[in-house]
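What follows is a single structure, written as structure tokens, with notes after it.
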Amino acid sequence: MDSRRYPTALEVERILWYLERPMTMRAISRETGIRYDRVRYGMISLRYQGLVKCTGRRGGRPVLWCRRCRHV
């Protein structure tokens, strides 16, 4: 049984790779094949680093995640 809670660096990179368009966490989990709880912790990590942003829940619509454009 795999008891890891947090995603590996490769899983976080895969999550970031699939964020070409705004997606929900469930959709990211389905497309990448990574468990939902690991996607959740990966998104928290990426949000803390400033690499992704999320839309707030509006009405009955789910929260969408997308890459943040960073110009250096």
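Labels used: A, B, ... for chains in the order of the structure tokens, numbers from 1 for residues in each chain, and numbers from 1 for ligands as shown.
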
Residues near Arg35 of chain A, anyone? I mean within 12 Å using only C-alpha atoms, not counting same-chain ones fewer than 6 positions away, as an mmCIF file with N, CA and C atoms, in the first residue's frame.
```
data_model
loop_
_atom_site.group_PDB
_atom_site.id
_atom_site.type_symbol
_atom_site.label_atom_id
_atom_site.label_comp_id
_atom_site.auth_asym_id
_atom_site.auth_seq_id
_atom_site.Cartn_x
_atom_site.Cartn_y
_atom_site.Cartn_z
ATOM 1 N N ASP A 2 0.534 2.167 -0.842
ATOM 2 C CA ASP A 2 1.298 3.403 -0.959
ATOM 3 C C ASP A 2 0.727 4.421 0.021
ATOM 4 N N SER A 3 1.506 4.783 1.034
ATOM 5 C CA SER A 3 0.985 5.664 2.079
ATOM 6 C C SER A 3 1.499 7.097 1.958
ATOM 7 N N ARG A 4 2.122 7.434 0.816
ATOM 8 C CA ARG A 4 2.581 8.820 0.650
ATOM 9 C C ARG A 4 1.391 9.762 0.569
ATOM 10 N N ARG A 5 1.514 10.900 1.186
ATOM 11 C CA ARG A 5 0.459 11.899 1.102
ATOM 12 C C ARG A 5 0.802 12.966 0.080
ATOM 13 N N TYR A 6 2.060 13.366 0.043
ATOM 14 C CA TYR A 6 2.481 14.466 -0.813
ATOM 15 C C TYR A 6 3.016 13.943 -2.143
ATOM 16 N N PRO A 7 2.840 14.704 -3.222
ATOM 17 C CA PRO A 7 3.306 14.252 -4.529
ATOM 18 C C PRO A 7 4.825 14.374 -4.660
ATOM 19 N N THR A 8 5.392 13.569 -5.538
ATOM 20 C CA THR A 8 6.813 13.673 -5.832
ATOM 21 C C THR A 8 7.037 14.862 -6.767
ATOM 22 N N GLU A 11 5.569 14.219 -10.187
ATOM 23 C CA GLU A 11 4.116 14.382 -10.246
ATOM 24 C C GLU A 11 3.730 15.850 -10.295
ATOM 25 N N VAL A 12 4.435 16.693 -9.558
ATOM 26 C CA VAL A 12 4.150 18.132 -9.587
ATOM 27 C C VAL A 12 4.464 18.701 -10.964
ATOM 28 N N ILE A 15 1.660 17.756 -13.267
ATOM 29 C CA ILE A 15 0.495 18.609 -13.024
ATOM 30 C C ILE A 15 0.669 19.938 -13.738
ATOM 31 N N MET A 25 -9.497 20.472 -10.176
ATOM 32 C CA MET A 25 -8.570 19.488 -9.627
ATOM 33 C C MET A 25 -8.974 18.067 -10.008
ATOM 34 N N ARG A 26 -10.268 17.799 -10.077
ATOM 35 C CA ARG A 26 -10.738 16.465 -10.483
ATOM 36 C C ARG A 26 -10.318 16.162 -11.927
ATOM 37 N N ALA A 27 -10.432 17.150 -12.804
ATOM 38 C CA ALA A 27 -10.034 16.948 -14.199
ATOM 39 C C ALA A 27 -8.523 16.739 -14.311
ATOM 40 N N ILE A 28 -7.760 17.466 -13.535
ATOM 41 C CA ILE A 28 -6.305 17.285 -13.532
ATOM 42 C C ILE A 28 -5.970 15.881 -13.063
ATOM 43 N N SER A 29 -6.643 15.422 -12.026
ATOM 44 C CA SER A 29 -6.415 14.079 -11.495
ATOM 45 C C SER A 29 -6.739 13.018 -12.539
ATOM 46 N N TYR A 41 -2.461 18.599 -2.821
ATOM 47 C CA TYR A 41 -1.260 19.093 -2.154
ATOM 48 C C TYR A 41 -0.267 19.691 -3.149
ATOM 49 N N GLY A 42 -0.219 19.146 -4.355
ATOM 50 C CA GLY A 42 0.647 19.725 -5.387
ATOM 51 C C GLY A 42 0.198 21.117 -5.784
#
```

task: DSSP on the backbone, then: every residue of chain A marked helix (DSSP H, G or I), written as a PyMOL selection string.
output: chain A and resi 9-18+25-32+36-49

Non-local contacts of Arg67 of chain A (12 Å; only C-alpha atoms; under 5 positions in same chain excluded) as a PDB file with N, CA, C and O atoms, in the first residue's frame:
```pdb
ATOM      1  N   ILE A  15       1.660  17.756 -13.267  1.00  0.00           N
ATOM      2  CA  ILE A  15       0.495  18.609 -13.024  1.00  0.00           C
ATOM      3  C   ILE A  15       0.669  19.938 -13.738  1.00  0.00           C
ATOM      4  O   ILE A  15      -0.229  20.425 -14.426  1.00  0.00           O
ATOM      5  N   LEU A  16       1.832  20.541 -13.590  1.00  0.00           N
ATOM      6  CA  LEU A  16       2.097  21.843 -14.219  1.00  0.00           C
ATOM      7  C   LEU A  16       2.075  21.729 -15.742  1.00  0.00           C
ATOM      8  O   LEU A  16       1.618  22.632 -16.432  1.00  0.00           O
ATOM      9  N   TRP A  17       2.535  20.606 -16.273  1.00  0.00           N
ATOM     10  CA  TRP A  17       2.550  20.384 -17.719  1.00  0.00           C
ATOM     11  C   TRP A  17       1.126  20.352 -18.287  1.00  0.00           C
ATOM     12  O   TRP A  17       0.869  20.878 -19.374  1.00  0.00           O
ATOM     13  N   TYR A  18       0.193  19.741 -17.559  1.00  0.00           N
ATOM     14  CA  TYR A  18      -1.183  19.601 -18.053  1.00  0.00           C
ATOM     15  C   TYR A  18      -2.019  20.868 -17.883  1.00  0.00           C
ATOM     16  O   TYR A  18      -3.134  20.928 -18.379  1.00  0.00           O
ATOM     17  N   LEU A  19      -1.517  21.878 -17.222  1.00  0.00           N
ATOM     18  CA  LEU A  19      -2.300  23.097 -16.994  1.00  0.00           C
ATOM     19  C   LEU A  19      -2.167  24.081 -18.152  1.00  0.00           C
ATOM     20  O   LEU A  19      -1.869  25.235 -17.963  1.00  0.00           O
ATOM     21  N   GLU A  20      -2.409  23.630 -19.357  1.00  0.00           N
ATOM     22  CA  GLU A  20      -2.392  24.517 -20.515  1.00  0.00           C
ATOM     23  C   GLU A  20      -3.678  25.336 -20.588  1.00  0.00           C
ATOM     24  O   GLU A  20      -3.695  26.410 -21.153  1.00  0.00           O
ATOM     25  N   ARG A  21      -4.733  24.820 -20.030  1.00  0.00           N
ATOM     26  CA  ARG A  21      -6.027  25.520 -20.007  1.00  0.00           C
ATOM     27  C   ARG A  21      -6.589  25.409 -18.597  1.00  0.00           C
ATOM     28  O   ARG A  21      -6.170  24.536 -17.838  1.00  0.00           O
ATOM     29  N   PRO A  22      -7.496  26.281 -18.207  1.00  0.00           N
ATOM     30  CA  PRO A  22      -8.076  26.188 -16.851  1.00  0.00           C
ATOM     31  C   PRO A  22      -8.792  24.865 -16.639  1.00  0.00           C
ATOM     32  O   PRO A  22      -9.556  24.418 -17.498  1.00  0.00           O
ATOM     33  N   MET A  23      -8.513  24.225 -15.505  1.00  0.00           N
ATOM     34  CA  MET A  23      -9.090  22.920 -15.195  1.00  0.00           C
ATOM     35  C   MET A  23      -9.412  22.834 -13.717  1.00  0.00           C
ATOM     36  O   MET A  23      -8.818  23.540 -12.902  1.00  0.00           O
ATOM     37  N   MET A  43      -1.116  21.323  -5.892  1.00  0.00           N
ATOM     38  CA  MET A  43      -1.632  22.638  -6.250  1.00  0.00           C
ATOM     39  C   MET A  43      -1.374  23.655  -5.145  1.00  0.00           C
ATOM     40  O   MET A  43      -1.086  24.813  -5.423  1.00  0.00           O
ATOM     41  N   LEU A  46       2.266  24.601  -5.620  1.00  0.00           N
ATOM     42  CA  LEU A  46       2.450  25.461  -6.789  1.00  0.00           C
ATOM     43  C   LEU A  46       1.854  26.854  -6.570  1.00  0.00           C
ATOM     44  O   LEU A  46       2.413  27.845  -7.037  1.00  0.00           O
ATOM     45  N   ARG A  47       0.754  26.928  -5.850  1.00  0.00           N
ATOM     46  CA  ARG A  47       0.167  28.240  -5.547  1.00  0.00           C
ATOM     47  C   ARG A  47       1.068  29.040  -4.621  1.00  0.00           C
ATOM     48  O   ARG A  47       1.258  30.242  -4.802  1.00  0.00           O
ATOM     49  N   GLN A  49       4.271  28.868  -4.514  1.00  0.00           N
ATOM     50  CA  GLN A  49       5.409  29.313  -5.320  1.00  0.00           C
ATOM     51  C   GLN A  49       5.026  30.403  -6.317  1.00  0.00           C
ATOM     52  O   GLN A  49       5.894  31.019  -6.925  1.00  0.00           O
ATOM     53  N   GLY A  50       3.727  30.638  -6.496  1.00  0.00           N
ATOM     54  CA  GLY A  50       3.262  31.663  -7.416  1.00  0.00           C
ATOM     55  C   GLY A  50       3.199  31.212  -8.862  1.00  0.00           C
ATOM     56  O   GLY A  50       3.179  32.039  -9.767  1.00  0.00           O
ATOM     57  N   LEU A  51       3.173  29.904  -9.106  1.00  0.00           N
ATOM     58  CA  LEU A  51       3.161  29.388 -10.472  1.00  0.00           C
ATOM     59  C   LEU A  51       1.754  29.150 -11.010  1.00  0.00           C
ATOM     60  O   LEU A  51       1.571  29.060 -12.222  1.00  0.00           O
ATOM     61  N   VAL A  52       0.767  29.013 -10.130  1.00  0.00           N
ATOM     62  CA  VAL A  52      -0.610  28.810 -10.571  1.00  0.00           C
ATOM     63  C   VAL A  52      -1.529  29.758  -9.803  1.00  0.00           C
ATOM     64  O   VAL A  52      -1.157  30.290  -8.758  1.00  0.00           O
ATOM     65  N   LYS A  53      -2.719  29.957 -10.353  1.00  0.00           N
ATOM     66  CA  LYS A  53      -3.733  30.748  -9.654  1.00  0.00           C
ATOM     67  C   LYS A  53      -5.063  30.041  -9.805  1.00  0.00           C
ATOM     68  O   LYS A  53      -5.232  29.169 -10.662  1.00  0.00           O
ATOM     69  N   CYS A  54      -6.011  30.401  -8.961  1.00  0.00           N
ATOM     70  CA  CYS A  54      -7.319  29.765  -9.029  1.00  0.00           C
ATOM     71  C   CYS A  54      -8.402  30.818  -9.048  1.00  0.00           C
ATOM     72  O   CYS A  54      -8.229  31.917  -8.527  1.00  0.00           O
ATOM     73  N   THR A  55      -9.508  30.476  -9.681  1.00  0.00           N
ATOM     74  CA  THR A  55     -10.673  31.347  -9.677  1.00  0.00           C
ATOM     75  C   THR A  55     -11.496  31.003  -8.447  1.00  0.00           C
ATOM     76  O   THR A  55     -11.504  29.860  -8.008  1.00  0.00           O
TER      77      THR A  55
END
```

DSSP-assigned strand (DSSP E) among chain A, expressed as a PyMOL selection string: chain A and resi 52-54+65-67

query: What does the distance from atom CA of Asp37 of chain A to atom CA of Gly59 of chain A come to in Å, to one decimal?
result: 24.3 Å
